[in-house]
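What follows is work14.cif (mmCIF, C-alpha atoms and all ligand atoms).
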data_model
#
loop_
_atom_site.label_atom_id
_atom_site.label_comp_id
_atom_site.auth_asym_id
_atom_site.auth_seq_id
_atom_site.Cartn_x
_atom_site.Cartn_y
_atom_site.Cartn_z
CA MET E 1 16.79 9.31 0.05
CA ARG E 2 13.37 7.67 0.13
CA THR E 3 10.37 9.94 -0.47
CA PRO E 4 7.80 9.31 2.29
CA MET E 5 4.42 8.11 1.05
CA LEU E 6 1.03 8.30 2.73
CA ALA E 7 -1.47 6.08 0.94
CA GLY E 8 -5.16 5.76 1.74
CA ASN E 9 -6.84 2.40 1.11
CA TRP E 10 -10.54 3.21 1.06
CA LYS E 11 -11.46 -0.49 0.75
CA MET E 12 -15.17 -1.12 0.00
CA ASN E 13 -16.29 2.21 1.42
CA LYS E 14 -17.82 5.34 -0.12
CA THR E 15 -20.41 5.74 -2.84
CA ILE E 16 -19.47 7.96 -5.77
CA PRO E 17 -20.87 11.16 -4.17
CA GLU E 18 -19.14 10.32 -0.87
CA ALA E 19 -15.85 9.54 -2.60
CA VAL E 20 -16.02 12.76 -4.59
CA ALA E 21 -16.70 14.77 -1.43
CA LEU E 22 -13.65 13.23 0.26
CA ALA E 23 -11.46 13.81 -2.81
CA GLU E 24 -12.62 17.43 -3.07
CA ALA E 25 -11.70 18.02 0.56
CA LEU E 26 -8.29 16.38 0.09
CA ALA E 27 -7.64 18.35 -3.11
CA LYS E 28 -7.46 21.50 -0.97
CA VAL E 29 -4.75 20.03 1.26
CA GLU E 30 -1.20 21.28 1.00
CA ILE E 31 1.06 18.27 0.37
CA PRO E 32 4.39 19.13 2.01
CA ALA E 33 7.33 19.16 -0.41
CA GLY E 34 9.16 15.87 -0.61
CA ARG E 35 6.16 13.75 0.31
CA GLU E 36 3.79 11.70 -1.81
CA ALA E 37 0.12 11.06 -1.14
CA VAL E 38 -2.03 8.46 -2.88
CA VAL E 39 -5.71 7.58 -2.55
CA CYS E 40 -7.07 4.17 -3.55
CA PRO E 41 -10.86 4.24 -3.97
CA SER E 42 -13.02 1.42 -5.34
CA PHE E 43 -12.97 0.84 -9.11
CA VAL E 44 -16.28 2.56 -9.67
CA CYS E 45 -15.01 5.71 -7.95
CA LEU E 46 -11.65 5.99 -9.76
CA VAL E 47 -12.68 8.29 -12.57
CA PRO E 48 -14.85 10.68 -10.51
CA VAL E 49 -12.20 10.81 -7.77
CA LYS E 50 -9.47 11.65 -10.30
CA LYS E 51 -11.64 14.45 -11.63
CA ALA E 52 -12.36 15.73 -8.13
CA LEU E 53 -8.65 15.75 -7.26
CA GLY E 54 -8.12 18.16 -10.15
CA SER E 55 -4.65 19.68 -10.06
CA SER E 56 -3.84 18.29 -6.59
CA LYS E 57 -0.53 16.44 -6.23
CA ILE E 58 -2.44 13.49 -4.73
CA GLN E 59 -2.02 10.44 -6.92
CA LEU E 60 -4.62 7.82 -7.82
CA GLY E 61 -4.26 4.18 -6.86
CA CYS E 62 -6.54 1.16 -6.80
CA GLN E 63 -6.91 -1.89 -4.61
CA ASN E 64 -6.56 -4.85 -6.98
CA MET E 65 -6.01 -5.80 -10.60
CA HIS E 66 -6.24 -8.91 -12.72
CA PHE E 67 -3.08 -10.29 -14.31
CA GLU E 68 -4.60 -11.13 -17.67
CA ALA E 69 -4.60 -8.44 -20.35
CA LYS E 70 -8.21 -8.87 -21.56
CA GLY E 71 -10.95 -11.31 -22.34
CA ALA E 72 -13.40 -13.62 -20.60
CA PHE E 73 -12.62 -12.82 -16.96
CA THR E 74 -16.01 -11.71 -15.67
CA GLY E 75 -15.80 -9.18 -12.88
CA GLU E 76 -12.11 -8.39 -13.33
CA THR E 77 -10.18 -5.24 -14.29
CA SER E 78 -7.03 -5.07 -16.42
CA ALA E 79 -3.94 -2.90 -16.28
CA GLU E 80 -4.87 -1.08 -19.49
CA MET E 81 -8.31 -0.25 -18.05
CA LEU E 82 -6.67 1.15 -14.95
CA LYS E 83 -4.20 3.17 -17.00
CA SER E 84 -7.07 4.61 -18.98
CA ALA E 85 -8.56 5.73 -15.64
CA GLU E 86 -5.22 7.46 -14.85
CA VAL E 87 -4.30 5.08 -12.05
CA SER E 88 -0.61 5.16 -11.13
CA HIS E 89 -0.42 2.72 -8.18
CA VAL E 90 -1.99 -0.69 -7.61
CA ILE E 91 -2.23 -2.36 -4.19
CA ILE E 92 -1.50 -6.07 -4.62
CA GLY E 93 -1.72 -8.88 -2.09
CA HIS E 94 -3.63 -7.05 0.62
CA SER E 95 -4.31 -9.47 3.50
CA GLU E 96 -8.06 -9.19 2.86
CA ARG E 97 -7.51 -10.38 -0.73
CA ARG E 98 -5.33 -13.20 0.56
CA ALA E 99 -7.73 -14.28 3.34
CA LEU E 100 -11.14 -13.63 1.75
CA PHE E 101 -10.44 -14.13 -1.96
CA GLY E 102 -7.88 -16.91 -1.83
CA GLU E 103 -4.91 -15.02 -3.29
CA THR E 104 -1.77 -17.09 -2.98
CA ASP E 105 1.79 -15.84 -3.35
CA ALA E 106 1.75 -17.30 -6.88
CA VAL E 107 -1.31 -15.21 -7.81
CA VAL E 108 0.19 -12.16 -6.11
CA ASN E 109 3.37 -12.69 -8.15
CA ARG E 110 1.48 -12.82 -11.46
CA LYS E 111 -0.34 -9.62 -10.52
CA VAL E 112 2.87 -7.85 -9.45
CA LYS E 113 4.47 -8.72 -12.79
CA ALA E 114 1.41 -7.58 -14.75
CA VAL E 115 1.32 -4.23 -12.92
CA LEU E 116 5.02 -3.68 -13.62
CA ALA E 117 4.75 -4.79 -17.26
CA ALA E 118 2.06 -2.13 -17.71
CA GLY E 119 4.41 0.56 -16.39
CA LEU E 120 2.44 1.09 -13.19
CA LYS E 121 3.67 1.06 -9.58
CA VAL E 122 2.92 -1.72 -7.10
CA ILE E 123 2.15 -1.43 -3.42
CA LEU E 124 2.85 -5.02 -2.38
CA CYS E 125 1.35 -5.96 0.98
CA VAL E 126 2.90 -8.51 3.30
CA GLY E 127 2.27 -9.36 6.95
CA GLU E 128 1.72 -12.13 9.43
CA VAL E 129 -1.44 -13.16 11.27
CA LEU E 130 -1.64 -13.13 15.08
CA ALA E 131 -0.99 -16.87 15.52
CA GLU E 132 2.20 -16.54 13.47
CA ARG E 133 3.44 -13.62 15.56
CA GLU E 134 2.63 -15.52 18.75
CA LYS E 135 4.67 -18.45 17.47
CA GLY E 136 7.51 -16.05 16.60
CA VAL E 137 7.54 -17.00 12.90
CA GLN E 138 6.60 -13.56 11.54
CA ASN E 139 9.94 -13.05 9.80
CA ASP E 140 9.68 -16.40 7.98
CA VAL E 141 6.11 -15.60 6.88
CA VAL E 142 7.04 -12.18 5.55
CA LYS E 143 10.16 -13.51 3.83
CA THR E 144 8.08 -16.19 2.06
CA GLN E 145 5.53 -13.58 0.93
CA LEU E 146 8.26 -11.26 -0.35
CA THR E 147 10.21 -14.00 -2.08
CA GLY E 148 7.07 -15.44 -3.68
CA GLY E 149 5.52 -12.10 -4.55
CA LEU E 150 8.69 -10.76 -6.18
CA ASP E 151 9.84 -13.98 -7.82
CA GLY E 152 11.33 -13.24 -11.24
CA VAL E 153 10.98 -9.45 -10.91
CA PRO E 154 14.18 -7.87 -12.26
CA ALA E 155 16.07 -5.56 -9.90
CA ALA E 156 15.51 -2.63 -12.29
CA ASP E 157 11.72 -2.99 -11.91
CA LEU E 158 11.91 -2.92 -8.12
CA ALA E 159 12.21 0.87 -8.37
CA ARG E 160 8.45 0.78 -9.01
CA VAL E 161 7.68 -1.51 -6.09
CA ILE E 162 6.63 -0.16 -2.71
CA ILE E 163 6.28 -2.66 0.13
CA ALA E 164 3.55 -2.30 2.76
CA TYR E 165 4.11 -4.25 5.96
CA GLU E 166 0.68 -4.84 7.44
CA PRO E 167 0.53 -7.20 10.40
CA VAL E 168 -2.94 -8.70 9.97
CA TRP E 169 -3.66 -8.52 13.70
CA ALA E 170 -3.28 -4.74 13.55
CA ILE E 171 -5.59 -4.09 10.59
CA GLY E 172 -8.82 -2.40 11.60
CA THR E 173 -8.38 -3.55 15.19
CA GLY E 174 -7.07 -0.40 16.82
CA LYS E 175 -3.97 -2.40 17.84
CA THR E 176 -0.94 -0.88 16.16
CA ALA E 177 2.42 -2.56 16.10
CA THR E 178 4.73 -0.50 18.29
CA PRO E 179 6.99 1.77 16.23
CA GLU E 180 9.90 -0.38 17.48
CA ASP E 181 8.34 -3.69 16.32
CA ALA E 182 7.33 -2.18 12.98
CA ASP E 183 10.80 -0.72 12.47
CA ALA E 184 12.42 -4.06 13.28
CA MET E 185 10.27 -5.82 10.68
CA HIS E 186 10.97 -3.08 8.14
CA ALA E 187 14.70 -3.55 8.71
CA PHE E 188 14.22 -7.29 8.19
CA ILE E 189 12.31 -6.61 4.95
CA ARG E 190 15.11 -4.33 3.77
CA GLY E 191 17.64 -7.06 4.48
CA THR E 192 15.52 -9.55 2.55
CA LEU E 193 15.35 -7.14 -0.41
CA ALA E 194 19.14 -6.82 -0.32
CA ALA E 195 19.43 -10.60 -0.57
CA LEU E 196 16.75 -10.86 -3.30
CA ALA E 197 18.13 -7.97 -5.37
CA ASN E 198 21.00 -5.86 -4.06
CA ALA E 199 21.90 -3.37 -1.35
CA GLN E 200 21.10 -0.37 -3.53
CA VAL E 201 17.55 -1.59 -4.22
CA ALA E 202 17.07 -2.37 -0.53
CA GLU E 203 18.19 1.13 0.44
CA ALA E 204 15.95 2.81 -2.15
CA THR E 205 12.75 0.81 -1.62
CA ARG E 206 10.01 2.43 0.39
CA ILE E 207 8.47 0.30 3.10
CA LEU E 208 5.12 1.55 4.40
CA TYR E 209 3.54 0.48 7.67
CA GLY E 210 -0.16 -0.42 7.75
CA GLY E 211 -2.47 -1.53 10.54
CA SER E 212 -4.39 0.97 12.65
CA ALA E 213 -2.05 3.79 11.68
CA ASN E 214 -3.82 7.02 12.57
CA ASP E 215 -3.36 10.71 13.24
CA ALA E 216 -2.30 10.03 16.84
CA ASN E 217 0.46 7.50 16.11
CA ILE E 218 1.75 8.64 12.70
CA ASP E 219 4.45 10.97 14.09
CA SER E 220 6.04 8.24 16.21
CA LEU E 221 5.85 5.71 13.36
CA MET E 222 7.42 8.14 10.88
CA ALA E 223 10.22 8.94 13.33
CA LYS E 224 11.62 5.43 12.80
CA PRO E 225 14.45 5.14 10.28
CA ASN E 226 13.00 2.21 8.31
CA ILE E 227 9.39 3.41 8.17
CA ASP E 228 8.91 5.35 4.94
CA GLY E 229 5.20 5.98 5.08
CA ALA E 230 1.88 4.38 5.83
CA LEU E 231 -0.91 2.47 4.12
CA ILE E 232 -3.96 3.75 5.90
CA GLY E 233 -7.44 2.21 6.03
CA GLY E 234 -9.96 3.60 8.51
CA ALA E 235 -8.13 6.86 9.18
CA ALA E 236 -7.99 7.63 5.44
CA LEU E 237 -11.78 7.84 5.20
CA LYS E 238 -12.00 11.20 6.96
CA PRO E 239 -10.37 14.28 5.45
CA GLU E 240 -9.18 15.61 8.84
CA SER E 241 -7.31 12.48 9.91
CA PHE E 242 -5.78 11.73 6.49
CA THR E 243 -4.70 15.37 6.18
CA ARG E 244 -3.04 15.29 9.58
CA MET E 245 -1.24 12.11 8.54
CA ILE E 246 0.03 13.62 5.28
CA GLN E 247 1.23 16.55 7.37
CA TYR E 248 2.92 14.34 10.00
CA LYS E 249 5.55 16.09 12.06
CA ALA E 250 9.02 14.94 11.13
P1 LIG I 1 -6.50 0.11 8.94
O1 LIG I 1 -6.29 -0.67 7.53
O2 LIG I 1 -5.67 1.36 8.86
O3 LIG I 1 -7.98 0.38 8.98
O4 LIG I 1 -6.03 -0.79 10.01
C1 LIG I 1 -5.04 -0.68 6.89
C2 LIG I 1 -5.10 -1.54 5.65
O5 LIG I 1 -5.73 -2.60 5.69
O6 LIG I 1 -4.51 -1.19 4.60
#
Kindly present the structure from the file in structure tokens form.
Ligand code: PGA
Amino acid sequence: MRTPMLAGNWKMNKTIPEAVALAEALAKVEIPAGREAVVCPSFVCLVPVKKALGSSKIQLGCQNMHFEAKGAFTGETSAEMLKSAEVSHVIIGHSERRALFGETDAVVNRKVKAVLAAGLKVILCVGEVLAEREKGVQNDVVKTQLTGGLDGVPAADLARVIIAYEPVWAIGTGKTATPEDADAMHAFIRGTLAALANAQVAEATRILYGGSANDANIDSLMAKPNIDGALIGGAALKPESFTRMIQYKA
């Protein structure tokens, strides 16, 4: 069975004191058995957030990583640096990285491989923009992103890959995909994983939904058979809403 995961993507929000305050509040939250929770603050907040989480079961993730191991890559952060900050999960290929920072599937693929080579876990984001959904080509777009992003990744390593389906038109807009539409895409993603790897990998891989997921819609999203969790932006910035989402009603 797939362990549900609720992951908070804090994006470029929160100063160190603000991030610590949020982490301290979340550290008091009871994480129901059989669920995983992850928070992904900015790089500068990783170490203080880890400290503030203390003995909480909440895991530490980050929002990006460079694929090179070290050297003259001004402004970038390597896998070893992240490991030394006790990061366990790395979000790769978020639509904002693709749209605003020019990340192609080829770059995403190099990053995915570097995260896996370092022994860390990947949260690989895929999702179509509004024009693509209106044209009805969302499945093709997501299949291309998955195929490109996972190119050359051995089936054994896919155990450390989590997919996040984030329709770009739903991110930060208050427009959520309906649970039915999200579930249909998740089923399509699972089928694509079966073709890329095998049925066992497809069955075991967690597929998170992201895009205006919040405390009011989480229960209906999680009720769907192919939705294994959520990657949460805005609603992860407040302890009350993220807590309610971790404690979604099954
Ligand atoms: P949102 O962001 O929940 O604010 O829509 C989700 C994401 O971009 O990961």
Problem set entry | d(atom CA of E:Ile232, atom CA of E:Ala118) in Å |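 According to the coordinates, atom CA of E:Ile232 and atom CA of E:Ala118 are separated by 25.1 Å.
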Exercise. To one decimal place, how far is atom CA of E:Val49 from atom CA of E:Gly149 in Å?
Worked result: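 About the pair atom CA of E:Val49 and atom CA of E:Gly149: they are 29.1 Å apart.
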Exercise. Which residues form the shell of 6 Å around ligand LIG 1 (chain I) when you count all atoms listed in the file, given as JSON, numbers by chain?
Worked result: {"E": [9, 170, 171, 172, 210, 211, 212, 213, 231, 232, 233, 234]}
Exercise. In Å, how far is it from atom CA of E:Asp228 to atom CA of E:Ala216?
Worked result: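 Between atom CA of E:Asp228 and atom CA of E:Ala216 the gap works out to 17.0 Å.
Minimum atom-to-atom distance to E:Ile58, evaluated using only C-alpha atoms, belongs to E:Thr243 out of E:Thr243, E:Thr104, E:Ser95, E:Thr178.
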For this session: Find, counting only C-alpha atoms, the residue in E:Ala159, E:Asn64, E:Ile31, E:Ile227 that gets nearest to E:Phe101.
Result: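 Smallest distance to E:Phe101 is found for E:Asn64.
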For this session: Check the smallest atom-to-atom distance from each of E:Val141, E:Met12, E:Val201, E:Ala25 to E:Cys45 using all atoms listed in the file, then report the winner.
Result: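 Once distances to E:Cys45 are computed over all atoms listed in the file, the minimum belongs to E:Met12.
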For this session: Within 12 Å of E:Arg244, counting only C-alpha atoms, which residues show up once you throw out same-chain ones fewer than 6 positions away? Write them as a ChimeraX atom specification, please.
Result: /E:6,26,29-32,37,213-219,235-236,238
Is it possible to get the residues within 9 Å of (6.6, -14.6, -1.7) (coordinates as in the file, counting all atoms listed in the file) written as a PDB file with C-alpha atoms, keeping the file's coordinate frame?
ATOM      1  CA  THR E 104      -1.770 -17.090  -2.980  1.00  0.00           C
ATOM      2  CA  ASP E 105       1.790 -15.840  -3.350  1.00  0.00           C
ATOM      3  CA  ALA E 106       1.750 -17.300  -6.880  1.00  0.00           C
ATOM      4  CA  VAL E 108       0.190 -12.160  -6.110  1.00  0.00           C
ATOM      5  CA  ASN E 109       3.370 -12.690  -8.150  1.00  0.00           C
ATOM      6  CA  VAL E 126       2.900  -8.510   3.300  1.00  0.00           C
ATOM      7  CA  VAL E 141       6.110 -15.600   6.880  1.00  0.00           C
ATOM      8  CA  VAL E 142       7.040 -12.180   5.550  1.00  0.00           C
ATOM      9  CA  LYS E 143      10.160 -13.510   3.830  1.00  0.00           C
ATOM     10  CA  THR E 144       8.080 -16.190   2.060  1.00  0.00           C
ATOM     11  CA  GLN E 145       5.530 -13.580   0.930  1.00  0.00           C
ATOM     12  CA  LEU E 146       8.260 -11.260  -0.350  1.00  0.00           C
ATOM     13  CA  THR E 147      10.210 -14.000  -2.080  1.00  0.00           C
ATOM     14  CA  GLY E 148       7.070 -15.440  -3.680  1.00  0.00           C
ATOM     15  CA  GLY E 149       5.520 -12.100  -4.550  1.00  0.00           C
ATOM     16  CA  LEU E 150       8.690 -10.760  -6.180  1.00  0.00           C
ATOM     17  CA  ASP E 151       9.840 -13.980  -7.820  1.00  0.00           C
TER      18      ASP E 151
END
Exercise. Near E:Arg206, counting all atoms listed in the file, which residues have an atom at most 12 Å away, once you skip same-chain residues fewer than 2 positions from it, shown as number ranges by chain?
Worked result: E: 1-6, 35-36, 121-124, 158-165, 186-187, 189-190, 193, 201-204, 208-209, 225-231
Exercise. For E:Ile207, which of E:Ala155, E:Met185, E:Leu120, E:Ala19 is the closest residue, counting all atoms listed in the file?
Worked result: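 Ranking E:Ala155, E:Met185, E:Leu120, E:Ala19 by distance to E:Ile207, first place goes to E:Met185.
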For this session: Using only C-alpha atoms, pick whichever of E:Leu82, E:Gly102, E:Lys28, E:Ala52 has the shortest atom-to-atom distance to E:Glu240.
Result: E:Lys28
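Closest approach to E:Thr15 from the set E:Ala194, E:Val168, E:Ala114, E:Leu237 is made by E:Leu237, with distances taken over only C-alpha atoms.
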Problem set entry | Residue contacts of E:Ser55 (8 Å, all atoms listed in the file) excluding same-chain residues fewer than 2 positions away, as an MDAnalysis selection string | chainID E and resid 27 53 57
Could you save the residues just selected, with C-alpha atoms, as a compact mmCIF listing (two decimals), keeping the file's coordinate frame?
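Wrote it out as result_35.txt, contents follow:
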# COMPACT_ATOMS: atom_id res chain seq x y z
CA ALA E 27 -7.64 18.35 -3.11
CA LEU E 53 -8.65 15.75 -7.26
CA LYS E 57 -0.53 16.44 -6.23
Can you sort out the box for stretch 4-16 of chain E, edges along x, y and z, all listed atoms in, 3 Å on every side, with centre and edge lengths in Å to one decimal, as lines of an AutoDock Vina configuration file?
center_x = -6.3
center_y = 4.1
center_z = -1.5
size_x = 34.2
size_y = 16.4
size_z = 14.5
